[in-house]
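Listing of model05.txt; format and content: compact mmCIF, C-alpha atoms.
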# COMPACT_ATOMS: atom_id res chain seq x y z
CA ALA A 1187 145.11 185.94 -105.65
CA ARG A 1188 142.34 183.67 -104.42
CA ARG A 1189 141.68 184.02 -100.71
CA GLU A 1190 141.41 180.91 -98.58
CA PRO A 1191 137.92 180.42 -97.14
CA VAL A 1192 137.56 181.96 -93.69
CA GLY A 1193 134.71 182.47 -91.30
CA TRP A 1194 133.50 182.87 -87.75
CA THR A 1195 130.31 181.61 -86.13
CA ASP A 1196 128.71 182.54 -82.82
CA CYS A 1197 125.09 181.50 -82.58
CA TRP A 1198 122.50 180.44 -80.05
CA ALA A 1199 120.11 177.54 -80.62
CA THR A 1200 117.06 177.62 -78.35
CA GLY A 1201 114.54 174.83 -77.94
CA SER A 1202 112.13 173.39 -75.40
CA GLY A 1203 115.05 171.85 -73.51
CA GLY A 1204 117.04 175.06 -73.17
CA SER A 1205 119.71 176.91 -75.12
CA LEU A 1206 122.96 175.85 -76.75
CA ARG A 1207 125.72 178.20 -77.86
CA LEU A 1208 127.85 177.28 -80.86
CA VAL A 1209 131.13 179.15 -81.31
CA THR A 1210 133.82 178.43 -83.87
CA ASP A 1211 136.97 177.19 -82.18
CA ALA A 1212 139.90 174.85 -82.83
CA THR A 1213 137.75 171.74 -82.31
CA TRP A 1214 135.91 172.45 -85.57
CA SER A 1215 136.98 170.99 -88.91
CA SER A 1216 136.65 172.77 -92.24
CA PHE A 1217 136.31 171.68 -95.85
CA ASP A 1218 136.35 173.87 -98.95
CA ALA A 1219 132.95 173.10 -100.48
CA ASP A 1220 134.07 174.56 -103.81
CA ALA A 1221 135.73 171.17 -104.34
CA TYR A 1222 132.36 169.58 -105.08
CA LEU A 1223 129.97 172.53 -105.59
CA ARG A 1224 132.26 173.73 -108.42
CA PRO A 1225 130.85 177.27 -108.58
CA ARG A 1226 131.20 179.27 -111.77
CA ARG A 1227 130.26 182.79 -112.71
CA GLY A 1228 126.93 182.94 -114.47
CA GLY A 1229 125.61 185.75 -116.61
CA GLY A 1230 122.18 186.72 -117.85
CA THR A 1231 121.65 189.76 -115.60
CA SER A 1232 123.50 192.65 -113.99
CA TYR A 1233 124.01 190.41 -110.95
CA VAL A 1234 126.94 188.03 -111.56
CA LYS A 1235 125.71 184.92 -109.81
CA ALA A 1236 127.58 181.83 -108.67
CA LEU A 1237 126.14 178.79 -110.44
CA GLU A 1238 126.84 175.35 -108.99
CA ASP A 1239 127.95 172.55 -111.31
CA THR A 1240 127.98 170.15 -108.37
CA ASP A 1241 129.90 166.89 -108.66
CA ALA A 1242 128.55 164.57 -105.95
CA ARG A 1243 131.51 162.21 -106.43
CA ARG A 1244 133.71 164.85 -104.78
CA GLU A 1245 131.46 165.47 -101.79
CA PRO A 1246 132.45 163.93 -98.42
CA VAL A 1247 129.73 161.30 -97.97
CA GLY A 1248 127.86 161.57 -94.69
CA TRP A 1249 129.01 164.99 -93.51
CA ARG A 1250 125.47 166.37 -93.42
CA ASP A 1251 123.60 163.74 -91.42
CA ASP A 1252 125.89 160.94 -90.19
CA ASP A 1253 126.75 161.37 -86.49
CA ALA A 1254 129.61 158.91 -86.93
CA PHE A 1255 131.17 160.90 -89.80
CA ALA A 1256 134.92 161.37 -89.37
CA PRO A 1257 136.67 164.10 -91.39
CA GLY A 1258 139.29 162.67 -93.70
CA GLU A 1259 141.20 163.83 -96.76
CA GLY A 1260 140.58 167.46 -97.64
CA TRP A 1261 139.55 168.46 -94.12
CA ALA A 1262 141.62 170.71 -91.87
CA ALA A 1263 141.32 172.28 -88.44
CA ALA A 1264 139.16 175.39 -88.57
CA VAL A 1265 140.90 178.70 -88.02
CA PRO A 1266 138.39 181.18 -86.55
CA VAL A 1267 138.76 184.59 -88.19
CA LEU A 1268 136.90 187.64 -86.92
CA PRO A 1269 135.79 190.25 -89.46
CA ALA A 1270 138.80 192.45 -90.07
CA ARG A 1271 136.83 195.70 -89.83
CA LYS A 1272 135.16 196.74 -86.58
CA ALA A 1273 135.65 193.29 -85.08
CA ALA A 1274 135.11 194.65 -81.58
CA GLY A 1275 131.89 196.41 -82.49
CA LEU A 1276 129.79 193.62 -83.94
CA HIS A 1277 126.07 194.06 -83.40
CA ALA A 1278 122.89 192.41 -84.58
CA ALA A 1279 121.27 193.66 -87.77
CA MET A 1280 118.20 195.85 -87.42
CA ALA A 1281 116.20 193.53 -89.64
CA ARG A 1282 114.70 190.35 -88.21
CA PRO A 1283 116.39 187.01 -88.99
CA VAL A 1284 115.25 185.46 -92.25
CA MET A 1285 113.25 182.24 -92.17
CA VAL A 1286 114.43 179.08 -93.93
CA THR A 1287 111.89 176.34 -94.59
CA PRO A 1288 113.61 172.99 -95.25
CA ALA A 1289 112.70 170.95 -98.30
CA SER A 1290 111.03 168.31 -96.13
CA GLN A 1291 108.31 170.81 -95.18
CA LEU A 1292 107.48 172.09 -98.67
CA LEU A 1293 105.04 170.54 -101.11
CA VAL A 1294 106.43 168.21 -103.74
CA PRO A 1295 106.16 169.86 -107.18
CA SER A 1296 104.05 168.37 -109.94
CA ILE A 1297 106.40 166.69 -112.42
CA THR A 1298 105.55 166.12 -116.08
CA ARG A 1299 107.63 163.82 -118.26
CA LEU A 1300 108.21 165.46 -121.64
CA ASN A 1301 110.17 162.62 -123.24
CA ALA A 1302 112.68 159.92 -122.33
CA THR A 1303 115.08 162.29 -120.56
CA TRP A 1304 113.27 165.64 -120.08
CA PHE A 1305 111.02 166.54 -117.14
CA LEU A 1306 109.16 169.71 -116.13
CA ALA A 1307 108.63 170.43 -112.43
CA ASP A 1308 106.08 173.04 -111.37
CA PHE A 1309 106.12 174.22 -107.73
CA GLY A 1310 102.74 175.90 -108.25
CA ARG A 1311 103.92 179.32 -107.14
CA GLU A 1312 107.04 181.46 -107.24
CA LEU A 1313 109.44 180.78 -104.41
CA GLN A 1314 112.86 181.95 -103.29
CA GLY A 1315 115.27 179.19 -102.36
CA GLY A 1316 117.21 176.28 -103.78
CA LEU A 1317 116.70 172.80 -105.18
CA VAL A 1318 117.26 169.39 -103.59
CA LEU A 1319 117.61 166.34 -105.84
CA SER A 1320 117.46 162.91 -104.19
CA SER A 1321 118.24 159.53 -105.72
CA GLY A 1322 117.60 156.11 -104.28
CA GLY A 1323 120.75 154.70 -105.80
CA GLY A 1324 119.55 153.35 -109.13
CA ILE A 1325 121.19 156.11 -111.16
CA PRO A 1326 124.51 155.01 -112.71
CA PRO A 1327 127.51 156.80 -111.10
CA GLY A 1328 128.83 159.64 -113.19
CA SER A 1329 125.41 160.33 -114.72
CA ARG A 1330 124.85 163.99 -115.49
CA VAL A 1331 121.65 165.96 -115.03
CA ARG A 1332 121.05 169.47 -116.31
CA VAL A 1333 118.90 171.74 -114.14
CA VAL A 1334 117.31 174.90 -115.56
CA SER A 1335 115.03 177.04 -113.38
CA GLY A 1336 112.96 180.09 -114.19
CA GLU A 1337 109.76 182.03 -113.78
CA SER A 1338 108.10 181.07 -117.06
CA VAL A 1339 107.58 178.16 -119.43
CA GLN A 1340 108.31 178.99 -123.05
CA ARG A 1341 106.54 177.55 -126.06
CA MET A 1342 108.76 175.19 -127.96
CA ALA A 1343 108.50 177.17 -131.20
CA ALA A 1344 109.89 180.30 -129.57
CA HIS A 1345 112.61 178.38 -127.77
CA SER A 1346 113.77 176.50 -130.86
CA ALA A 1347 114.10 179.75 -132.78
CA THR A 1348 116.78 180.95 -130.37
CA GLY A 1349 118.56 177.63 -129.96
CA ALA A 1350 118.04 174.87 -127.46
CA GLY A 1351 121.18 175.56 -125.46
CA ARG A 1352 123.07 172.77 -123.74
CA GLY A 1353 121.38 169.40 -124.14
CA GLY A 1354 118.89 170.11 -126.95
CA SER A 1355 115.13 170.36 -126.43
CA PRO A 1356 112.22 167.98 -125.82
CA SER A 1357 110.91 168.35 -129.37
CA ALA A 1358 114.26 167.22 -130.73
CA THR A 1359 113.59 163.74 -129.36
CA GLY A 1360 109.87 163.46 -129.81
CA GLY A 1361 108.56 165.36 -126.80
CA ASP A 1362 105.61 167.68 -126.47
CA SER A 1363 106.09 170.43 -129.06
CA SER A 1364 103.75 172.95 -127.46
CA SER A 1365 105.30 173.68 -124.07
CA GLY A 1366 107.68 172.48 -121.40
CA VAL A 1367 110.91 174.47 -121.79
CA VAL A 1368 111.67 176.71 -118.84
CA GLY A 1369 112.68 180.27 -119.67
CA ASP A 1370 116.20 180.81 -118.30
CA THR A 1371 116.34 184.58 -118.77
CA TRP A 1372 118.13 185.00 -115.45
CA GLY A 1373 120.81 182.43 -116.22
CA PHE A 1374 120.10 179.74 -113.60
CA ASP A 1375 121.29 176.83 -115.73
CA PHE A 1376 123.70 174.31 -114.24
CA GLU A 1377 124.76 170.66 -114.44
CA TRP A 1378 125.05 168.11 -111.64
CA THR A 1379 127.03 164.87 -111.67
CA LEU A 1380 125.85 161.99 -109.49
CA ARG A 1381 127.86 159.39 -107.59
CA ALA A 1382 127.08 155.74 -106.85
CA GLY A 1383 124.47 154.86 -104.24
CA ALA A 1384 121.70 156.80 -102.54
CA GLN A 1385 122.43 160.51 -102.37
CA THR A 1386 121.07 164.02 -102.04
CA ILE A 1387 122.38 167.05 -103.91
CA GLU A 1388 121.37 170.32 -102.27
CA GLN A 1389 121.82 173.73 -103.84
CA HIS A 1390 123.75 176.21 -101.70
CA GLN A 1391 122.85 179.52 -103.37
CA TYR A 1392 119.26 180.77 -103.51
CA MET A 1393 117.33 181.87 -106.58
CA GLU A 1394 113.77 182.84 -107.51
CA PHE A 1395 111.80 180.36 -109.59
CA ARG A 1396 108.61 178.39 -110.08
CA TYR A 1397 109.46 176.03 -112.95
CA VAL A 1398 112.40 173.65 -113.32
CA ASN A 1399 113.58 171.52 -116.23
CA VAL A 1400 115.40 168.36 -115.14
CA VAL A 1401 117.24 166.87 -118.10
CA PHE A 1402 119.14 163.59 -117.73
CA ALA A 1403 122.03 162.78 -120.04
CA ASP A 1404 120.76 159.23 -120.62
CA SER A 1405 117.39 157.49 -120.41
CA LEU A 1406 118.58 154.88 -117.88
CA ALA A 1407 119.21 157.57 -115.29
CA ALA A 1408 115.85 159.19 -116.09
CA ILE A 1409 113.85 156.06 -115.23
CA SER A 1410 115.72 155.43 -111.98
CA GLY A 1411 114.16 156.49 -108.69
CA TRP A 1412 114.67 160.21 -108.05
CA ALA A 1413 112.79 163.10 -106.44
CA LEU A 1414 112.99 166.89 -106.61
CA ARG A 1415 112.11 169.28 -103.78
CA ALA A 1416 113.13 172.78 -102.71
CA TRP A 1417 114.03 174.74 -99.61
CA ARG A 1418 112.66 178.27 -99.19
CA VAL A 1419 114.04 181.45 -97.64
CA GLU A 1420 112.10 184.64 -96.95
CA TYR A 1421 111.72 187.49 -94.50
CA PRO A 1422 109.14 186.93 -91.72
CA TRP A 1423 105.60 187.72 -92.81
CA GLU A 1424 102.79 188.62 -90.41
CA GLU A 1425 99.31 187.62 -91.54
CA GLY A 1426 96.54 190.09 -90.79
CA HIS A 1427 98.51 193.30 -91.25
CA ALA A 1428 96.63 194.10 -94.45
CA ARG A 1429 93.57 192.81 -96.25
CA PHE A 1430 91.76 193.57 -99.49
CA ASP A 1431 88.59 192.19 -101.01
CA SER A 1432 86.27 193.35 -103.76
CA SER A 1433 83.49 192.05 -106.01
CA ASP A 1434 85.89 191.99 -109.00
CA ALA A 1435 87.88 188.73 -109.37
CA THR A 1436 90.51 190.35 -111.60
CA LEU A 1437 91.14 193.16 -109.13
CA ASN A 1438 91.43 190.61 -106.32
CA ALA A 1439 93.95 188.65 -108.37
CA VAL A 1440 96.04 191.79 -108.97
CA TRP A 1441 96.03 192.48 -105.23
CA GLU A 1442 97.15 188.94 -104.39
CA LEU A 1443 99.92 188.98 -107.02
CA SER A 1444 101.22 192.29 -105.66
CA ARG A 1445 100.95 191.19 -102.03
CA TYR A 1446 102.67 187.85 -102.63
CA THR A 1447 105.49 189.56 -104.53
CA VAL A 1448 106.52 191.61 -101.49
CA GLN A 1449 106.13 188.54 -99.28
CA ALA A 1450 107.95 185.84 -101.24
CA GLY A 1451 110.55 187.93 -103.08
CA ILE A 1452 112.25 189.60 -100.11
CA ILE A 1453 114.97 188.54 -97.70
CA ASP A 1454 116.64 191.10 -95.39
CA THR A 1455 117.20 194.04 -97.75
CA TYR A 1456 115.19 195.79 -100.42
CA THR A 1457 116.48 195.25 -103.96
CA ASP A 1458 115.32 195.78 -107.51
CA SER A 1459 114.68 192.02 -107.61
CA ASN A 1460 116.65 189.17 -106.12
CA THR A 1461 116.67 187.49 -109.51
CA ARG A 1462 118.97 190.14 -110.91
CA GLU A 1463 120.51 192.05 -107.96
CA ARG A 1464 121.59 191.25 -104.42
CA ARG A 1465 122.28 194.66 -102.83
CA PRO A 1466 120.03 197.60 -101.97
CA TYR A 1467 119.96 200.80 -104.00
CA GLU A 1468 118.39 204.08 -102.98
CA ALA A 1469 115.67 204.12 -105.63
CA ASP A 1470 114.70 200.53 -104.83
CA GLY A 1471 113.77 201.69 -101.36
CA LEU A 1472 111.24 204.15 -102.76
CA VAL A 1473 109.49 201.28 -104.55
CA ALA A 1474 110.10 198.07 -102.59
CA ALA A 1475 110.21 199.51 -99.08
CA THR A 1476 107.13 201.67 -99.70
CA ALA A 1477 105.20 198.70 -101.14
CA ARG A 1478 106.18 196.50 -98.21
CA GLY A 1479 105.16 199.24 -95.78
CA TRP A 1480 101.64 199.24 -97.22
CA VAL A 1481 101.06 195.64 -96.15
CA GLN A 1482 103.41 195.10 -93.18
CA ARG A 1483 104.05 197.09 -90.01
CA ASP A 1484 107.70 196.03 -89.68
CA PHE A 1485 109.77 199.15 -90.43
CA ALA A 1486 113.04 197.70 -89.10
CA TRP A 1487 113.42 195.87 -92.42
CA ALA A 1488 113.55 199.14 -94.36
CA ARG A 1489 115.80 200.85 -91.81
CA HIS A 1490 118.30 198.02 -92.15
CA SER A 1491 118.69 198.73 -95.87
CA HIS A 1492 118.69 202.50 -95.32
CA SER A 1493 121.69 202.13 -93.01
CA TYR A 1494 123.60 200.43 -95.82
CA VAL A 1495 122.90 202.98 -98.54
CA PHE A 1496 123.74 205.81 -96.14
CA ALA A 1497 127.18 204.26 -95.63
CA PHE A 1498 127.68 203.07 -99.22
CA PRO A 1499 125.75 205.38 -101.56
CA THR A 1500 125.65 204.73 -105.29
CA TRP A 1501 126.90 207.21 -107.84
CA PRO A 1502 123.77 208.82 -109.44
CA VAL A 1503 123.21 212.21 -107.83
CA GLU A 1504 119.43 211.91 -107.97
CA TRP A 1505 119.53 208.53 -106.20
CA GLN A 1506 121.33 210.03 -103.22
CA GLN A 1507 118.27 212.20 -102.58
CA ALA A 1508 116.09 209.11 -102.15
CA PRO A 1509 117.18 208.11 -98.60
CA ALA A 1510 115.91 211.43 -97.20
CA GLN A 1511 112.51 210.76 -98.78
CA GLU A 1512 112.55 207.23 -97.40
CA VAL A 1513 113.33 208.39 -93.86
CA SER A 1514 110.46 210.84 -94.08
CA ARG A 1515 108.06 208.12 -95.26
CA ARG A 1516 109.14 205.73 -92.52
CA CYS A 1517 108.67 208.40 -89.87
CA LEU A 1518 105.20 209.23 -91.13
CA GLY A 1519 104.29 205.57 -91.39
CA SER A 1520 105.44 204.57 -87.94
CA VAL A 1521 103.68 207.25 -85.86
What would the structure in this file look like if it were written as structure tokens?
Amino acid sequence: ARREPVGWTDCWATGSGGSLRLVTDATWSSFDADAYLRPRRGGGTSYVKALEDTDARREPVGWRDDDAFAPGEGWAAAVPVLPARKAAGLHAAMARPVMVTPASQLLVPSITRLNATWFLADFGRELQGGLVLSSGGGIPPGSRVRVVSGESVQRMAAHSATGAGRGGSPSATGGDSSSGVVGDTWGFDFEWTLRAGAQTIEQHQYMEFRYVNVVFADSLAAISGWALRAWRVEYPWEEGHARFDSSDATLNAVWELSRYTVQAGIIDTYTDSNTRERRPYEADGLVAATARGWVQRDFAWARHSHSYVFAFPTWPVEWQQAPAQEVSRRCLGSV
């Protein structure tokens, strides 16, 4: 049976004017966001992700930023629920809090129009986060837009050979036949439905991507005023912990690619890759935690993941030997 959404919040917000504590209590109101995010199970990798076919017509207008917003239909009094297990022994994670950069602080991607309804957005570099689509109100209500994100741009010839998927391809309607279709190997392919008036649709789940195809269902919506941005999430990164430079440009580029991978592709646990998995495994620690330790002096991040795999080991016998090696490496690296 489907569980009702539950949760509990106890956080401190600190600014120049002092601190504010926010604790879930009976004065809070709750709304099941699944009503408009419309999550569905997506495939493409070993990680079964929740894709969001958001329908903005079902979203309570103003709940994000209108101080005068009053909860109405679909809202109910919040019922604070402590974690059922070890509720009395809650403690902070060993890893540092992740950093979230809002879309307003990130660069706007370059956007290329491929034909009357297809667009290609390029954020210039891989990032880990979610998309934000804004419309000034000129888009007809009920208009649909398909969003496909990925880490590569396929040539049209290769893409057409395997089928264009939902919505066809740019070349099918006279677009650029050489490039422009985002590779969706990891399955981040979803559809959003817009409502009347100015609006912003913000993705809830995070993903890893650089390129995005925005495909409108009709040309009228495509020529209306709209903008695409992204929010980013990553583990804190300290500049100056490691440096490399040589007289070989290729070698320098390999260094920067490797360094940026362990900066931008990590949150609070080591994984095989957040594009395809979302939990730590023992062998991942030998690779990801070791690589991160070469360029950062924060060993609490690795210990946080170690504590999980100690408590919840995976089945391969040889993997269960990896944590001992990891502990040894961390001890040697932190003295």
Distance criterion (only C-alpha atoms): nearest to Ala1384 in chain A out of A:Gly1426, A:Pro1327, A:Gly1369, A:Pro1295:
A:Pro1327
Nearby residues (only C-alpha atoms) at most 6 Å from range 1302-1315 of chain A, same-chain spacing under 6 positions excluded, as a list in words:
Pro1295, Ser1296, Tyr1392, Met1393, Glu1394, Phe1395, Arg1396, Tyr1397, Val1398, Asn1399, Val1400, Val1401, Phe1402, Ser1405, Ala1408, Trp1417, Arg1418 and Val1419 of chain A
Looking at A:Arg1282, A:Arg1415, A:Lys1235, A:Arg1244, which one is nearest to Asp1218 in chain A, with distances taken over only C-alpha atoms?
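Once distances to Asp1218 in chain A are computed over only C-alpha atoms, the minimum belongs to A:Arg1244.
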List as a list in words: which residues have an atom within 10 Å of (104.1, 189.5, -90.2), counting all atoms listed in the file?
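Here the neighbourhood of the point contains Tyr1421, Pro1422, Trp1423, Glu1424, Glu1425, Gly1426, His1427, Ala1428, Gln1449, Val1481, Gln1482, Arg1483 and Asp1484 of chain A.
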Å distance separating CA of Val1495 in chain A from CA of Asp1458 in chain A, one decimal place:
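These atoms are spaced 13.8 Å apart.
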Skipping near chain neighbours, those fewer than 6 positions away, what residues fall within 8 Å of range 1506-1512 of chain A using only C-alpha atoms, listed as a list of chain:residue names?
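What passes the distance filter is A:Glu1468, A:Ala1469, A:Gly1471, A:Leu1472, A:His1492, A:Val1495, A:Phe1496, A:Pro1499, A:Thr1500.
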Restricting the output to C-alpha atoms, write the selected residues as a tab-separated table (two decimals), in the coordinates of the input.
chain	number	residue	atom	x	y	z
A	1468	GLU	CA	118.39	204.08	-102.98
A	1469	ALA	CA	115.67	204.12	-105.63
A	1471	GLY	CA	113.77	201.69	-101.36
A	1472	LEU	CA	111.24	204.15	-102.76
A	1492	HIS	CA	118.69	202.50	-95.32
A	1495	VAL	CA	122.90	202.98	-98.54
A	1496	PHE	CA	123.74	205.81	-96.14
A	1499	PRO	CA	125.75	205.38	-101.56
A	1500	THR	CA	125.65	204.73	-105.29
Do you know which residues are at most 10 Å from Trp1261 in chain A counting only C-alpha atoms, after dropping those on the same chain fewer than 4 positions away, and could you put them as a list in words?
Ser1215, Ser1216, Phe1217, Asp1218, Pro1246, Ala1256 and Pro1257 of chain A
Can you find the residues with an atom no farther than 7 Å from (122.9, 159.0, -117.1), counting only C-alpha atoms, and report them as a ChimeraX atom specification?
/A:1325-1326,1329-1330,1402-1407
Using only C-alpha atoms: which of A:Leu1443, A:Arg1250, A:Ala1278, A:Tyr1222 has the shortest distance to Cys1197 in chain A
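Nearest to Cys1197 in chain A: A:Ala1278.
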Take CA of Arg1332 in chain A and CA of Arg1462 in chain A and report the distance between them in Å, one decimal.
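Result for CA of Arg1332 in chain A versus CA of Arg1462 in chain A: 21.5 Å, one decimal.
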Please compute the CA of Asp1220 in chain A-CA of Gly1248 in chain A distance, one decimal, in Å.
17.0 Å
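Comparing A:Leu1317, A:Ala1435, A:Ala1475, A:Val1367 by their smallest distance to Pro1288 in chain A, the closest is A:Leu1317 (using all atoms listed in the file).
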Counting only C-alpha atoms, figure out which residue out of A:Pro1502, A:Gly1479, A:Gly1383, A:Gly1411 gets nearest to Val1247 in chain A.
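With only C-alpha atoms as the atom set, the closest residue is A:Gly1383.
Using all atoms listed in the file, the nearest neighbour of Leu1319 in chain A within the list A:Leu1414, A:Val1331, A:Ala1474, A:Ala1254 is A:Leu1414.
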Please, what is the axis-aligned box for every listed atom of range 1278-1290 of chain A with 8 Å on each side, as centre and edge lengths in Å to one decimal, as JSON?
{"center_x": 117.0, "center_y": 182.1, "center_z": -91.4, "size_x": 27.9, "size_y": 43.5, "size_z": 29.7}
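Near Glu1245 in chain A, within a cut-off of 8 Å and counting all atoms listed in the file, sit the residues Ala1219, Ala1221, Tyr1222 and Asp1241 of chain A, with same-chain residues fewer than 4 positions away left out.
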Would you mind completing range 1233-1259 of chain A so that it carries N, CA and C atoms, and writing it out as a compact mmCIF listing (two decimals), in the frame of the given file?
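As a result, selection11.txt now contains:
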# COMPACT_ATOMS: atom_id res chain seq x y z
N TYR A 1233 123.44 191.09 -112.11
CA TYR A 1233 124.01 190.41 -110.95
C TYR A 1233 124.80 189.21 -111.43
N VAL A 1234 126.10 189.15 -111.15
CA VAL A 1234 126.94 188.03 -111.56
C VAL A 1234 126.80 186.95 -110.49
N LYS A 1235 126.04 185.94 -110.80
CA LYS A 1235 125.71 184.92 -109.81
C LYS A 1235 126.72 183.78 -109.83
N ALA A 1236 126.74 183.01 -108.76
CA ALA A 1236 127.58 181.83 -108.67
C ALA A 1236 126.71 180.60 -108.94
N LEU A 1237 126.86 180.01 -110.12
CA LEU A 1237 126.14 178.79 -110.44
C LEU A 1237 126.91 177.60 -109.88
N GLU A 1238 126.22 176.50 -109.65
CA GLU A 1238 126.84 175.35 -108.99
C GLU A 1238 126.76 174.12 -109.90
N ASP A 1239 127.86 173.78 -110.52
CA ASP A 1239 127.95 172.55 -111.31
C ASP A 1239 128.44 171.43 -110.38
N THR A 1240 127.60 171.06 -109.44
CA THR A 1240 127.98 170.15 -108.37
C THR A 1240 128.37 168.77 -108.89
N ASP A 1241 129.46 168.26 -108.36
CA ASP A 1241 129.90 166.89 -108.66
C ASP A 1241 129.83 166.10 -107.35
N ALA A 1242 128.78 165.29 -107.20
CA ALA A 1242 128.55 164.57 -105.95
C ALA A 1242 129.65 163.56 -105.66
N ARG A 1243 130.42 163.16 -106.66
CA ARG A 1243 131.51 162.21 -106.43
C ARG A 1243 132.62 162.82 -105.59
N ARG A 1244 132.66 164.16 -105.54
CA ARG A 1244 133.71 164.85 -104.78
C ARG A 1244 133.24 165.29 -103.40
N GLU A 1245 131.99 165.05 -103.08
CA GLU A 1245 131.46 165.47 -101.79
C GLU A 1245 131.80 164.44 -100.71
N PRO A 1246 132.23 164.87 -99.53
CA PRO A 1246 132.45 163.93 -98.42
C PRO A 1246 131.13 163.29 -98.01
N VAL A 1247 130.99 161.99 -98.23
CA VAL A 1247 129.73 161.30 -97.97
C VAL A 1247 129.46 161.23 -96.47
N GLY A 1248 128.28 161.68 -96.08
CA GLY A 1248 127.86 161.57 -94.69
C GLY A 1248 128.08 162.80 -93.83
N TRP A 1249 128.70 163.83 -94.36
CA TRP A 1249 129.01 164.99 -93.51
C TRP A 1249 127.77 165.74 -93.05
N ARG A 1250 126.68 165.63 -93.78
CA ARG A 1250 125.47 166.37 -93.42
C ARG A 1250 124.70 165.72 -92.27
N ASP A 1251 124.57 164.38 -92.31
CA ASP A 1251 123.60 163.74 -91.42
C ASP A 1251 124.10 162.49 -90.71
N ASP A 1252 125.37 162.15 -90.84
CA ASP A 1252 125.89 160.94 -90.19
C ASP A 1252 126.65 161.35 -88.94
N ASP A 1253 126.11 160.99 -87.75
CA ASP A 1253 126.75 161.37 -86.49
C ASP A 1253 128.12 160.73 -86.34
N ALA A 1254 128.34 159.62 -87.05
CA ALA A 1254 129.61 158.91 -86.93
C ALA A 1254 130.63 159.38 -87.96
N PHE A 1255 130.26 160.43 -88.74
CA PHE A 1255 131.17 160.90 -89.80
C PHE A 1255 132.49 161.39 -89.20
N ALA A 1256 133.58 160.96 -89.81
CA ALA A 1256 134.92 161.37 -89.37
C ALA A 1256 135.60 162.10 -90.51
N PRO A 1257 135.97 163.36 -90.32
CA PRO A 1257 136.67 164.10 -91.39
C PRO A 1257 137.93 163.39 -91.84
N GLY A 1258 138.11 163.34 -93.15
CA GLY A 1258 139.29 162.67 -93.70
C GLY A 1258 140.06 163.58 -94.63
N GLU A 1259 140.40 163.07 -95.80
CA GLU A 1259 141.20 163.83 -96.76
C GLU A 1259 140.45 165.09 -97.20
